Amino acid sequence: MSLDLNSDLGEGLGDDAAMLEIVTSANIACGFHAGDPSVMRRTCALAVAKQVRIGAHIGYRDLAGFGRREISVEPAQLRDEVLYQIGSLDAFARAEGDRVRYVKPHGALYHSASKDRIVADAVLAAMAEYDLDLALLGPAGTQLERAADDAKIRFVGEGFADRAYTPSGLLAPRGVVGSVLRPDEAVVQAVSIAMSGTTRTVDGSDQVAVSAASICVHGDSPAAVEMARLIRAALDDVGVSLESFG
């Protein structure tokens, strides 16, 4: 059994070099919610050196809000902004010897596109225009997966090790108590998702299904690197090998 382990990098908030020693896929910020051209190139170079797959971590144009604020954007404009982000990162990836293999929305765009088909279609329109061989990484059973299926884009389901889930299978808002998991809790959740496709809800009252071929560890917390190491070791202990889906 194999699984991908991904992390959000190039955001200027964590130890990207250390994280790239552990993960198999890197969601690299494309300058809209975080990062800049120099950071994008440097992170791509590190990923290529470690043979980690590169993904475009696209977001709303919201540096001030770190892409966590839902913004109303016309579908055509959003399509163009997503296309711009993918192309920009791909230029740096190719300059360093690889290419962008997949796309993952960030923050508010991740949540908006998961529930709003119009937003999801705008994301997929940009991907289809750029490269039909790109994969889309996101939450299974949502508008993103349905839009990907219709656009003939490969979809890869994602689960989160370090974020709690609501009974409806969505991520619990960051303001909810217990929504961000401790390293020990994240290890338990990662193994549960890998082995059974389920995890406990944020209030601990029930189990929720999480269909995932890739598990995310956020790279912006002080304990992120150690958390990723613990998760990788725990998955190895239960016989799950780590390799990129790309």
# chains A, B, ... in the order shown; residues from 1 in each chain; ligands from 1
>>> select_by_dssp(residues="stretch 87-226 of chain A", states="alpha helix (DSSP H)", output="VMD selection string")
chain A and resid 87 to 95 107 to 115 117 to 130 143 to 150 183 to 196 224 to 226
>>> residues_around(residues="A:Ala108", least_positions_apart="2", cutoff="12 Å", atoms="only C-alpha atoms", output="PyMOL selection string")
chain A and resi 33+58-62+65-72+104-106+110-116+119+171+173-174
>>> select_by_dssp(residues="stretch 55-201 of chain A", states="strand (DSSP E)", output="list of chain:residue names")
A:Gly55, A:Ala56, A:His57, A:Ile58, A:Val100, A:Arg101, A:Tyr102, A:Val103, A:Lys104, A:Pro105, A:Ala135, A:Leu136, A:Leu137, A:Gly138, A:Arg154, A:Phe155, A:Val156, A:Gly157, A:Glu158, A:Gly159, A:Phe160, A:Thr198, A:Thr199, A:Arg200
>>> closest_residue(among="A:Gly97, A:Gly31, A:Gly87, A:Gly169", to="A:Ala47", atoms="only C-alpha atoms")
A:Gly97
>>> closest_residue(among="A:Asp4, A:Gly157, A:Leu230, A:Ala76", to="A:Gly197", atoms="only C-alpha atoms")
A:Gly157
>>> closest_residue(among="A:Leu235, A:Ile28, A:Val208, A:Val123", to="A:Glu74", atoms="only C-alpha atoms")
A:Val123
>>> atom_distance(atom1="atom CA of A:Ile193", atom2="atom CA of A:Cys216")
11.3 Å
>>> residues_around(residues="A:Ala224", least_positions_apart="4", cutoff="12 Å", atoms="only C-alpha atoms", output="count of residues only")
31
>>> closest_residue(among="A:Leu242, A:Ala164, A:Ala64, A:Leu132", to="A:Val176", atoms="only C-alpha atoms")
A:Ala164
>>> atom_distance(atom1="atom CA of A:Leu5", atom2="atom CA of A:Thr201")
21.4 Å
>>> closest_atom_pairs(of="stretch 101-205 of chain A", to="stretch 80-86 of chain A", cutoff="7 Å", atoms="only C-alpha atoms", output="CSV")
residue,atom,partner,partner_atom,distance
A:Val123,CA,A:Val82,CA,6.3
A:Ala126,CA,A:Leu83,CA,4.9
A:Met127,CA,A:Leu83,CA,6.8
A:Tyr130,CA,A:Leu83,CA,6.8
>>> residues_around(residues="A:Asp150", least_positions_apart="4", cutoff="12 Å", atoms="only C-alpha atoms", output="list in words")
Arg117, Ala120, Asp121, Leu124, Ala125, Ala128, Gln143, Leu144, Glu145, Arg146, Arg154 and Phe155 of chain A
>>> write_last_selection(atoms="N, CA and C atoms", output="compact mmCIF listing (two decimals), in the first residue's frame")
# COMPACT_ATOMS: atom_id res chain seq x y z
N ARG A 117 -19.78 25.07 -7.73
CA ARG A 117 -19.40 24.50 -9.01
C ARG A 117 -18.87 25.56 -9.98
N ALA A 120 -15.30 26.04 -9.04
CA ALA A 120 -14.55 24.83 -9.42
C ALA A 120 -14.33 24.79 -10.93
N ASP A 121 -15.34 25.12 -11.69
CA ASP A 121 -15.21 25.10 -13.15
C ASP A 121 -14.17 26.10 -13.64
N LEU A 124 -10.80 24.49 -13.10
CA LEU A 124 -10.57 23.41 -14.06
C LEU A 124 -10.41 23.94 -15.48
N ALA A 125 -11.07 25.04 -15.81
CA ALA A 125 -10.91 25.62 -17.15
C ALA A 125 -9.47 26.05 -17.36
N ALA A 128 -7.27 22.90 -17.78
CA ALA A 128 -7.45 22.26 -19.08
C ALA A 128 -6.78 23.06 -20.18
N GLN A 143 -17.49 19.47 -5.29
CA GLN A 143 -17.61 20.06 -6.61
C GLN A 143 -16.29 20.03 -7.37
N LEU A 144 -15.19 20.10 -6.66
CA LEU A 144 -13.89 20.02 -7.33
C LEU A 144 -13.72 18.67 -8.03
N GLU A 145 -14.07 17.61 -7.37
CA GLU A 145 -13.94 16.29 -8.01
C GLU A 145 -14.90 16.16 -9.18
N ARG A 146 -16.13 16.65 -9.03
CA ARG A 146 -17.09 16.54 -10.12
C ARG A 146 -16.65 17.38 -11.32
N ARG A 154 -7.41 14.36 -14.19
CA ARG A 154 -7.24 13.37 -13.11
C ARG A 154 -7.42 14.03 -11.75
N PHE A 155 -8.24 13.42 -10.90
CA PHE A 155 -8.48 13.93 -9.56
C PHE A 155 -7.81 13.03 -8.53
